[in-house]
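These notes concern the structure reproduced below.
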Amino acid sequence: MKFSVLVNEGPYTHQASDTALAFTKAALEKGHEIFRVFFYHDGVNNGTRLTVPPQDDRNLQQMWSDLGAKYKLDLVVCIAAAQRRGILDENEAKRQGKDANNIAPGFRISGLGQLIEAGIEADRLVVFGD
Amino acid sequence: MKFSVLVNEGPYTHQASDTALAFTKAALEKGHEIFRVFFYHDGVNNGTRLTVPPQDDRNLQQMWSDLGAKYKLDLVVCIAAAQRRGILDENEAKRQGKDANNIAPGFRISGLGQLIEAGIEADRLVVFGD
Amino acid sequence: MSEGSKKKKFLYINRRAPYGSIYALESLEVVLIGAAFEQDVSLAFIDDGVYQLMKDQDTKAIGMKNFAPTYRALGDYGVTKVFVEKESLDERGLSADDLMELVYEDENEDYAEKPLLTVVDRKSLAAVMGEQDVVLSF
Amino acid sequence: MSEGSKKKKFLYINRRAPYGSIYALESLEVVLIGAAFEQDVSLAFIDDGVYQLMKDQDTKAIGMKNFAPTYRALGDYGVTKVFVEKESLDERGLSADDLMELVYEDENEDYAEKPLLTVVDRKSLAAVMGEQDVVLSF
Amino acid sequence: MSTLHTVNKSPFERSTFMSCLGHLQPGDAVLMIEDGVVGARKGGAFAGALASVAGACKLFVLGPDLAARGLKESDLIDGVTVVDYGGFVDLAASHDRTNSWL
Amino acid sequence: MSTLHTVNKSPFERSTFMSCLGHLQPGDAVLMIEDGVVGARKGGAFAGALASVAGACKLFVLGPDLAARGLKESDLIDGVTVVDYGGFVDLAASHDRTNSWL
């Protein structure tokens, strides 16, 4: 079956990202397809490569990037939500005249239409949030 | 009177930062002193200079930086919370081997002890959060 | 729509008051972007979500943009199934009179102006939820 | 402490369950750092905060660090006034037996081992709240 | 030695509002801010609980938040005073401590 | 045509748990995850409300979240099934849609 996953909160503050990651992994291990993981609201904060969690804690950005690389996942950060919260890739940083970017490997920034498409194309959309 | 302010949530997602800013401004305009504004939990996300809010929306980072400059406010971002969430200044980025930093002008990164001190030194500590 | 393309039933459930958090505004952004995809869209306002539709919202003093007028455009975006839960109004001491008078022009009836909001009871709304392909709650 | 230095009464109120959000953990980090300042510290566990003290927390399967053992160190940090609200336990079908058995060594009584948690009723806790200089709620 | 309690969430969404009311001392003040202002509306399910503490405690709502949610002073239960951000500062200054119910 | 409802917050903290129970259709399933698992504890204030829907709907809790909060299967009201993340996936697949009460 084809799933899409929506992550609405950032890492650490709420459990949403942890649960979404565990769900996504379990679905893949059962042979399901993940059409897309879309990050909205504070969920975009999962996609910064500048996090330095404590050494005895999990690194959620790294875990998403690793899972994405292993299964070739489409990890999409909403552009409008990302701009409000300061998540930029190289192109966006240039376009907005910012002197740095912080997007993590394996994440891409795109529009909200990708969320609607994720709902249309997948058999099930599962949402995680606050 | 001497106030300290604690901001526990990031900009836009919750109203906490807006209300804290309005409170701080009103206190200053009444002639009170603001000993420190401390940003904890997701509150550290107020301190990234990479945000690009929509043109018809407020820019909370800019408003904090401006208010800070006008009144010489001590705007302190908690280092432990900031590392978890990817808010770094130049020193921290170097120390952690990161290729970019995102701290906004007028904010400084320091330890949780600064929050305790803010509670001890101010006559009142007022907290804003989710 | 062409026969081959997919048309799904999308329900957006709005449960939170506006301004205290961004969910109401960012939900509206999804609905407006989603309109371009010509899906079968419904909106439901339940629990504190009913406050999103209040008349006379004035956000000047909190320094935030008043996005309530945007709900007036829903009809133009082809979103005409908009439900408000009666029990949610009742619990809050509100009635339909406290809400904005929203209308849309029905293109199937010579653009006759019709009320956009339909107040329904909890049981009916639960039935609407049970008919969807995709449910997004904000 | 020297006579001139300030000593204030700090109360940390823990209201949320652990793991679902980070507030419980980051509250504990404040308490431990704050201990170095030798203030007059109290902790209160009310509402869902009582779940932070549950016995037998096992976080292996959620992939998060179990920080419950850290509460055992509170006494070593000089934090010995730790209140648990009785009504909050009752509403959740919990009793003091469901909580970790935490102790501290009383340095004023030849390091006698004493229970760290004191179960108090809501009214008493409200009185404790009213005696503080600084109240932080997480 | 009284406390200013602030409540920033709707009682219809979170338990903080009722938890706050359950921990008041006589002479304390409650200030409803942000989404918390909706709890003070006349005819709402929590109006009675709020009114029951109005004798022993003073009740306030933040006007800017009230207006944003389309509510007017006349929509509120009796005994609630509307203040602006300056009034919030005054309340924080005139009480011995602030307890933010988050 | 049944729905999997997920509830991720404690009923003692938020209204989502009760709002979800109020919007169930016969044949639906409710899965309590994250802090939501505490609502299924025997003797708790919401145990009765949950038990009252157990006839028409199936009830589940996410085991990893239950263990993290120091709760065991034997602590739960009757009629609640414990699943792991794989079971969560199976439930999402076997119902026509998922409704996350956020």
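Convention: chains lettered A, B, ... in structure tokens order; per-chain residue numbering from 1; ligands numbered from 1 as shown.
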Exercise for the section: Could you pull out the residues in stretch 77-126 of chain C that DSSP calls strand (DSSP E) from the backbone, as a PyMOL selection string? Expected result: chain C and resi 81-85+103-106+112-115+117-120
Least-squares Cα fit of chain E to chain F, output as an mmCIF file with C-alpha atoms, in the first residue's frame:
```cif
data_model
loop_
_atom_site.group_PDB
_atom_site.id
_atom_site.type_symbol
_atom_site.label_atom_id
_atom_site.label_comp_id
_atom_site.auth_asym_id
_atom_site.auth_seq_id
_atom_site.Cartn_x
_atom_site.Cartn_y
_atom_site.Cartn_z
ATOM 1 C CA MET E 1 -15.761 2.372 5.224
ATOM 2 C CA SER E 2 -14.340 2.793 8.718
ATOM 3 C CA THR E 3 -11.876 5.278 10.184
ATOM 4 C CA LEU E 4 -8.763 4.940 12.320
ATOM 5 C CA HIS E 5 -8.746 7.811 14.809
ATOM 6 C CA THR E 6 -5.481 8.634 16.555
ATOM 7 C CA VAL E 7 -5.316 10.603 19.807
ATOM 8 C CA ASN E 8 -1.868 11.737 20.953
ATOM 9 C CA LYS E 9 -2.637 13.878 23.982
ATOM 10 C CA SER E 10 -3.725 13.077 27.502
ATOM 11 C CA PRO E 11 -7.446 13.637 28.108
ATOM 12 C CA PHE E 12 -6.377 15.320 31.354
ATOM 13 C CA GLU E 13 -4.512 17.975 29.360
ATOM 14 C CA ARG E 14 -6.475 18.488 26.135
ATOM 15 C CA SER E 15 -9.978 18.168 24.808
ATOM 16 C CA THR E 16 -8.998 16.162 21.690
ATOM 17 C CA PHE E 17 -9.548 12.823 23.412
ATOM 18 C CA MET E 18 -13.178 13.582 24.305
ATOM 19 C CA SER E 19 -13.809 15.367 21.019
ATOM 20 C CA CYS E 20 -12.644 12.247 19.192
ATOM 21 C CA LEU E 21 -14.922 9.997 21.253
ATOM 22 C CA GLY E 22 -17.817 12.322 20.407
ATOM 23 C CA HIS E 23 -17.266 11.927 16.660
ATOM 24 C CA LEU E 24 -16.942 8.152 16.292
ATOM 25 C CA GLN E 25 -18.992 6.044 13.907
ATOM 26 C CA PRO E 26 -19.796 2.397 14.695
ATOM 27 C CA GLY E 27 -16.949 0.216 13.413
ATOM 28 C CA ASP E 28 -14.293 2.903 13.792
ATOM 29 C CA ALA E 29 -11.070 2.285 15.698
ATOM 30 C CA VAL E 30 -9.309 4.572 18.190
ATOM 31 C CA LEU E 31 -5.549 4.302 18.655
ATOM 32 C CA MET E 32 -4.059 6.146 21.620
ATOM 33 C CA ILE E 33 -0.436 7.161 21.041
ATOM 34 C CA GLU E 34 2.187 9.323 22.766
ATOM 35 C CA ASP E 35 0.681 11.011 25.868
ATOM 36 C CA GLY E 36 -2.767 9.799 24.755
ATOM 37 C CA VAL E 37 -2.100 6.346 26.227
ATOM 38 C CA VAL E 38 -2.696 7.573 29.775
ATOM 39 C CA GLY E 39 -6.400 7.942 28.996
ATOM 40 C CA ALA E 40 -6.803 4.172 28.923
ATOM 41 C CA ARG E 41 -5.712 3.597 32.504
ATOM 42 C CA LYS E 42 -8.127 1.733 34.745
ATOM 43 C CA GLY E 43 -9.643 3.945 37.444
ATOM 44 C CA GLY E 44 -8.834 7.180 35.642
ATOM 45 C CA ALA E 45 -11.426 9.924 35.223
ATOM 46 C CA PHE E 46 -11.848 9.216 31.495
ATOM 47 C CA ALA E 47 -11.937 5.417 31.735
ATOM 48 C CA GLY E 48 -15.723 5.404 31.801
ATOM 49 C CA ALA E 49 -16.071 7.551 28.697
ATOM 50 C CA LEU E 50 -13.633 5.318 26.864
ATOM 51 C CA ALA E 51 -15.308 2.115 28.034
ATOM 52 C CA SER E 52 -18.667 3.423 26.825
ATOM 53 C CA VAL E 53 -17.498 3.388 23.181
ATOM 54 C CA ALA E 54 -15.756 -0.002 23.456
ATOM 55 C CA GLY E 55 -18.874 -1.819 22.290
ATOM 56 C CA ALA E 56 -19.269 -0.007 18.978
ATOM 57 C CA CYS E 57 -15.582 0.708 18.291
ATOM 58 C CA LYS E 58 -12.240 -1.030 18.692
ATOM 59 C CA LEU E 59 -9.697 0.469 21.086
ATOM 60 C CA PHE E 60 -5.912 0.295 20.793
ATOM 61 C CA VAL E 61 -2.877 1.782 22.520
ATOM 62 C CA LEU E 62 0.658 2.029 21.227
ATOM 63 C CA GLY E 63 2.768 -0.273 23.422
ATOM 64 C CA PRO E 64 6.056 1.650 23.163
ATOM 65 C CA ASP E 65 4.328 4.783 24.518
ATOM 66 C CA LEU E 66 2.604 2.810 27.256
ATOM 67 C CA ALA E 67 5.896 1.343 28.500
ATOM 68 C CA ALA E 68 7.632 4.731 28.404
ATOM 69 C CA ARG E 69 5.068 6.095 30.847
ATOM 70 C CA GLY E 70 5.436 3.200 33.267
ATOM 71 C CA LEU E 71 2.102 1.592 32.377
ATOM 72 C CA LYS E 72 1.451 -2.081 31.677
ATOM 73 C CA GLU E 73 -1.263 -3.846 29.717
ATOM 74 C CA SER E 74 -2.803 -4.970 33.015
ATOM 75 C CA ASP E 75 -3.225 -1.315 34.028
ATOM 76 C CA LEU E 76 -5.668 -0.690 31.184
ATOM 77 C CA ILE E 77 -9.427 -0.878 31.076
ATOM 78 C CA ASP E 78 -10.879 -4.022 29.505
ATOM 79 C CA GLY E 79 -11.147 -4.180 25.757
ATOM 80 C CA VAL E 80 -8.014 -2.236 24.853
ATOM 81 C CA THR E 81 -5.492 -3.970 22.592
ATOM 82 C CA VAL E 82 -1.790 -3.100 22.713
ATOM 83 C CA VAL E 83 -0.016 -2.753 19.348
ATOM 84 C CA ASP E 84 3.504 -1.817 18.237
ATOM 85 C CA TYR E 85 4.489 0.507 15.357
ATOM 86 C CA GLY E 86 3.920 -2.332 12.882
ATOM 87 C CA GLY E 87 0.437 -2.781 14.323
ATOM 88 C CA PHE E 88 -0.146 0.972 13.882
ATOM 89 C CA VAL E 89 0.762 0.573 10.192
ATOM 90 C CA ASP E 90 -1.602 -2.392 9.874
ATOM 91 C CA LEU E 91 -4.436 -0.397 11.436
ATOM 92 C CA ALA E 92 -3.807 2.549 9.101
ATOM 93 C CA ALA E 93 -3.835 0.161 6.139
ATOM 94 C CA SER E 94 -6.950 -1.753 7.171
ATOM 95 C CA HIS E 95 -9.114 1.335 7.734
ATOM 96 C CA ASP E 96 -10.229 3.575 4.888
ATOM 97 C CA ARG E 97 -8.786 6.744 6.336
ATOM 98 C CA THR E 98 -6.905 8.107 9.320
ATOM 99 C CA ASN E 99 -8.180 11.008 11.383
ATOM 100 C CA SER E 100 -5.445 12.438 13.627
ATOM 101 C CA TRP E 101 -7.012 14.458 16.424
ATOM 102 C CA LEU E 102 -4.476 17.255 16.830
#
```
Report as a PDB file with N, CA, C and O atoms, in the first residue's frame the set of chain B residues whose atoms approach chain E to within 6 Å, with distances computed over only C-alpha atoms.
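Here's the written file result-v4.pdb:
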```
ATOM      1  N   PHE B  23       4.494  42.870  25.999  1.00  0.00           N
ATOM      2  CA  PHE B  23       4.662  43.083  27.444  1.00  0.00           C
ATOM      3  C   PHE B  23       5.968  43.825  27.731  1.00  0.00           C
ATOM      4  O   PHE B  23       6.008  44.797  28.494  1.00  0.00           O
ATOM      5  N   ALA B  26       5.753  47.430  26.653  1.00  0.00           N
ATOM      6  CA  ALA B  26       4.895  48.211  27.555  1.00  0.00           C
ATOM      7  C   ALA B  26       5.616  48.492  28.870  1.00  0.00           C
ATOM      8  O   ALA B  26       5.509  49.597  29.420  1.00  0.00           O
ATOM      9  N   ALA B  27       6.362  47.504  29.373  1.00  0.00           N
ATOM     10  CA  ALA B  27       7.092  47.692  30.633  1.00  0.00           C
ATOM     11  C   ALA B  27       8.152  48.778  30.468  1.00  0.00           C
ATOM     12  O   ALA B  27       8.301  49.662  31.322  1.00  0.00           O
ATOM     13  N   VAL B 127       6.493  34.771  32.459  1.00  0.00           N
ATOM     14  CA  VAL B 127       6.762  33.673  31.527  1.00  0.00           C
ATOM     15  C   VAL B 127       5.706  33.621  30.428  1.00  0.00           C
ATOM     16  O   VAL B 127       4.506  33.743  30.707  1.00  0.00           O
TER      17      VAL B 127
END
```
Should the cut-off be 7 Å, what would the residue list for chain D against chain A look like, counting only C-alpha atoms, as a PDB file with C-alpha atoms, in the first residue's frame?
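For reference, part-v3.pdb as written:
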```
ATOM      1  CA  TYR D  19       8.227  12.051  26.466  1.00  0.00           C
ATOM      2  CA  GLY D  20       5.143  13.405  24.652  1.00  0.00           C
ATOM      3  CA  SER D  21       6.851  16.783  24.897  1.00  0.00           C
ATOM      4  CA  ILE D  22      10.263  17.973  26.068  1.00  0.00           C
ATOM      5  CA  MET D  64      14.228   8.244  23.695  1.00  0.00           C
ATOM      6  CA  LYS D  65      16.447   8.507  26.736  1.00  0.00           C
TER       7      LYS D  65
END
```
Per-residue nearest contacts of chain C to chain F (12 Å; only C-alpha atoms) as a tab-separated table:
```
residue	atom	partner	partner_atom	distance
C:Lys8	CA	F:Arg97	CA	11.9
C:Lys9	CA	F:Arg97	CA	10.9
C:Phe10	CA	F:Arg97	CA	10.8
C:Leu11	CA	F:Asn99	CA	9.9
C:Tyr12	CA	F:Asn99	CA	10.4
C:Ile13	CA	F:Trp101	CA	9.3
C:Asn14	CA	F:Leu102	CA	9.7
C:Arg15	CA	F:Leu102	CA	8.1
C:Arg16	CA	F:Leu102	CA	9.4
C:Tyr23	CA	F:Leu102	CA	10.2
C:Ile46	CA	F:Ser19	CA	9.1
C:Asp47	CA	F:Ser19	CA	7.8
C:Asp48	CA	F:Ser15	CA	10.1
C:Glu85	CA	F:His23	CA	11.1
C:Glu87	CA	F:Gly22	CA	10.6
C:Ser88	CA	F:Ser19	CA	10.0
C:Asp121	CA	F:His23	CA	10.5
C:Arg122	CA	F:His23	CA	6.8
C:Lys123	CA	F:His23	CA	6.9
C:Ser124	CA	F:His23	CA	9.2
C:Leu125	CA	F:His23	CA	7.5
C:Ala126	CA	F:His23	CA	4.8
C:Ala127	CA	F:Gln25	CA	7.1
C:Val128	CA	F:His23	CA	10.0
C:Met129	CA	F:His23	CA	8.3
C:Gly130	CA	F:Thr3	CA	6.6
C:Glu131	CA	F:Met1	CA	7.6
C:Gln132	CA	F:Arg97	CA	7.4
C:Asp133	CA	F:Arg97	CA	6.1
C:Val134	CA	F:Arg97	CA	6.4
C:Val135	CA	F:Asn99	CA	5.7
C:Leu136	CA	F:Asn99	CA	7.0
C:Ser137	CA	F:Leu102	CA	6.2
C:Phe138	CA	F:Leu102	CA	6.4
```
Exercise for the section: Excluding D:Asp106 and residues on its chain fewer than 2 positions from it, collect all residues at most 12 Å away from it, counting only C-alpha atoms, and give them as a list in words. Expected result: Gly75, Asp76, Tyr77, Gly78, Val79, Thr80, Lys81, Val103, Tyr104, Asn108, Glu109, Asp110, Tyr111, Ala112, Glu113, Lys114, Pro115 and Leu116 of chain D
If you count only C-alpha atoms, which residues fall within 12 Å of A:Asn59, apart from same-chain ones fewer than 5 positions away, as a CSV table (one decimal) with N, CA and C atoms, in the first residue's frame?
```csv
chain,number,residue,atom,x,y,z
A,11,PRO,N,11.6,18.8,15.8
A,11,PRO,CA,12.1,17.7,16.6
A,11,PRO,C,12.2,18.1,18.1
A,12,TYR,N,12.2,17.1,19.0
A,12,TYR,CA,12.5,17.2,20.4
A,12,TYR,C,11.3,17.8,21.2
A,17,SER,N,7.7,14.0,15.7
A,17,SER,CA,8.7,13.6,14.7
A,17,SER,C,9.2,12.2,15.0
A,18,ASP,N,9.4,11.8,16.3
A,18,ASP,CA,9.8,10.5,16.7
A,18,ASP,C,8.7,9.4,16.2
A,21,LEU,N,8.6,9.1,12.4
A,21,LEU,CA,9.8,8.3,12.0
A,21,LEU,C,9.6,6.8,12.2
A,46,ASN,N,12.6,20.0,11.4
A,46,ASN,CA,13.3,18.8,11.3
A,46,ASN,C,14.4,18.8,10.2
A,47,GLY,N,14.3,19.8,9.3
A,47,GLY,CA,15.2,19.8,8.2
A,47,GLY,C,16.4,20.7,8.3
A,48,THR,N,16.8,21.1,9.5
A,48,THR,CA,18.0,21.9,9.6
A,48,THR,C,19.2,21.1,9.9
A,49,ARG,N,20.3,21.3,9.3
A,49,ARG,CA,21.5,20.5,9.5
A,49,ARG,C,22.3,21.1,10.7
A,50,LEU,N,21.9,22.2,11.3
A,50,LEU,CA,22.6,22.9,12.3
A,50,LEU,C,22.4,22.3,13.7
A,51,THR,N,21.5,21.3,13.9
A,51,THR,CA,21.2,20.8,15.2
A,51,THR,C,22.4,20.0,15.8
A,52,VAL,N,22.6,20.2,17.1
A,52,VAL,CA,23.6,19.4,17.8
A,52,VAL,C,23.0,18.9,19.1
A,53,PRO,N,22.2,17.8,19.0
A,53,PRO,CA,21.6,17.3,20.2
A,53,PRO,C,22.7,16.7,21.1
A,54,PRO,N,22.4,16.6,22.4
A,54,PRO,CA,23.3,16.0,23.4
A,54,PRO,C,23.8,14.6,22.9
A,64,TRP,N,16.2,11.1,10.0
A,64,TRP,CA,15.4,11.3,8.8
A,64,TRP,C,16.2,11.2,7.5
A,65,SER,N,17.4,11.9,7.6
A,65,SER,CA,18.3,11.9,6.4
A,65,SER,C,18.7,10.5,6.0
A,66,ASP,N,19.1,9.7,7.1
A,66,ASP,CA,19.6,8.3,6.9
A,66,ASP,C,18.4,7.5,6.3
B,83,GLN,N,21.2,24.3,20.8
B,83,GLN,CA,22.0,23.2,20.1
B,83,GLN,C,21.0,22.1,19.6
B,84,ARG,N,20.0,21.8,20.5
B,84,ARG,CA,19.0,20.8,20.1
B,84,ARG,C,18.3,21.2,18.8
B,85,ARG,N,18.0,22.6,18.7
B,85,ARG,CA,17.1,23.1,17.7
B,85,ARG,C,17.9,23.8,16.5
B,86,GLY,N,19.2,23.7,16.6
B,86,GLY,CA,19.9,24.3,15.4
B,86,GLY,C,20.1,25.8,15.4
D,63,GLY,N,12.7,4.9,21.6
D,63,GLY,CA,14.0,5.5,21.1
D,63,GLY,C,14.4,6.8,21.8
D,64,MET,N,13.8,7.0,23.0
D,64,MET,CA,14.2,8.2,23.7
D,64,MET,C,14.9,7.8,25.0
D,65,LYS,N,15.7,8.8,25.5
D,65,LYS,CA,16.4,8.5,26.7
D,65,LYS,C,15.5,8.5,27.9
```
Just the residues within 6 Å of A:Ile79, please, counting only C-alpha atoms, with nothing from its chain fewer than 3 positions along; format it as a PDB file with N, CA, C and O atoms, in the first residue's frame.
```
ATOM      1  N   ALA A  82       8.640  27.145   5.916  1.00  0.00           N
ATOM      2  CA  ALA A  82      10.091  27.178   6.125  1.00  0.00           C
ATOM      3  C   ALA A  82      10.602  28.620   6.160  1.00  0.00           C
ATOM      4  O   ALA A  82      11.464  28.962   6.963  1.00  0.00           O
ATOM      5  N   ILE A 109      12.987  21.644  -0.500  1.00  0.00           N
ATOM      6  CA  ILE A 109      11.980  22.654  -0.185  1.00  0.00           C
ATOM      7  C   ILE A 109      11.047  22.798  -1.372  1.00  0.00           C
ATOM      8  O   ILE A 109      11.499  22.930  -2.502  1.00  0.00           O
ATOM      9  N   SER A 110       9.741  22.729  -1.126  1.00  0.00           N
ATOM     10  CA  SER A 110       8.790  22.887  -2.233  1.00  0.00           C
ATOM     11  C   SER A 110       7.467  23.425  -1.702  1.00  0.00           C
ATOM     12  O   SER A 110       7.338  23.702  -0.520  1.00  0.00           O
ATOM     13  N   GLY A 111       6.504  23.556  -2.581  1.00  0.00           N
ATOM     14  CA  GLY A 111       5.254  24.225  -2.225  1.00  0.00           C
ATOM     15  C   GLY A 111       4.244  23.310  -1.552  1.00  0.00           C
ATOM     16  O   GLY A 111       4.382  22.085  -1.528  1.00  0.00           O
TER      17      GLY A 111
END
```
Practice task
List the neighbours of D:Phe67 out to 12 Å using only C-alpha atoms; skip same-chain residues closer than 3 positions along the sequence, and give me the result as number ranges by chain.
Solution key: A: 56-57; D: 18-19, 22, 24-29, 52-60, 64, 70-73; F: 68-69
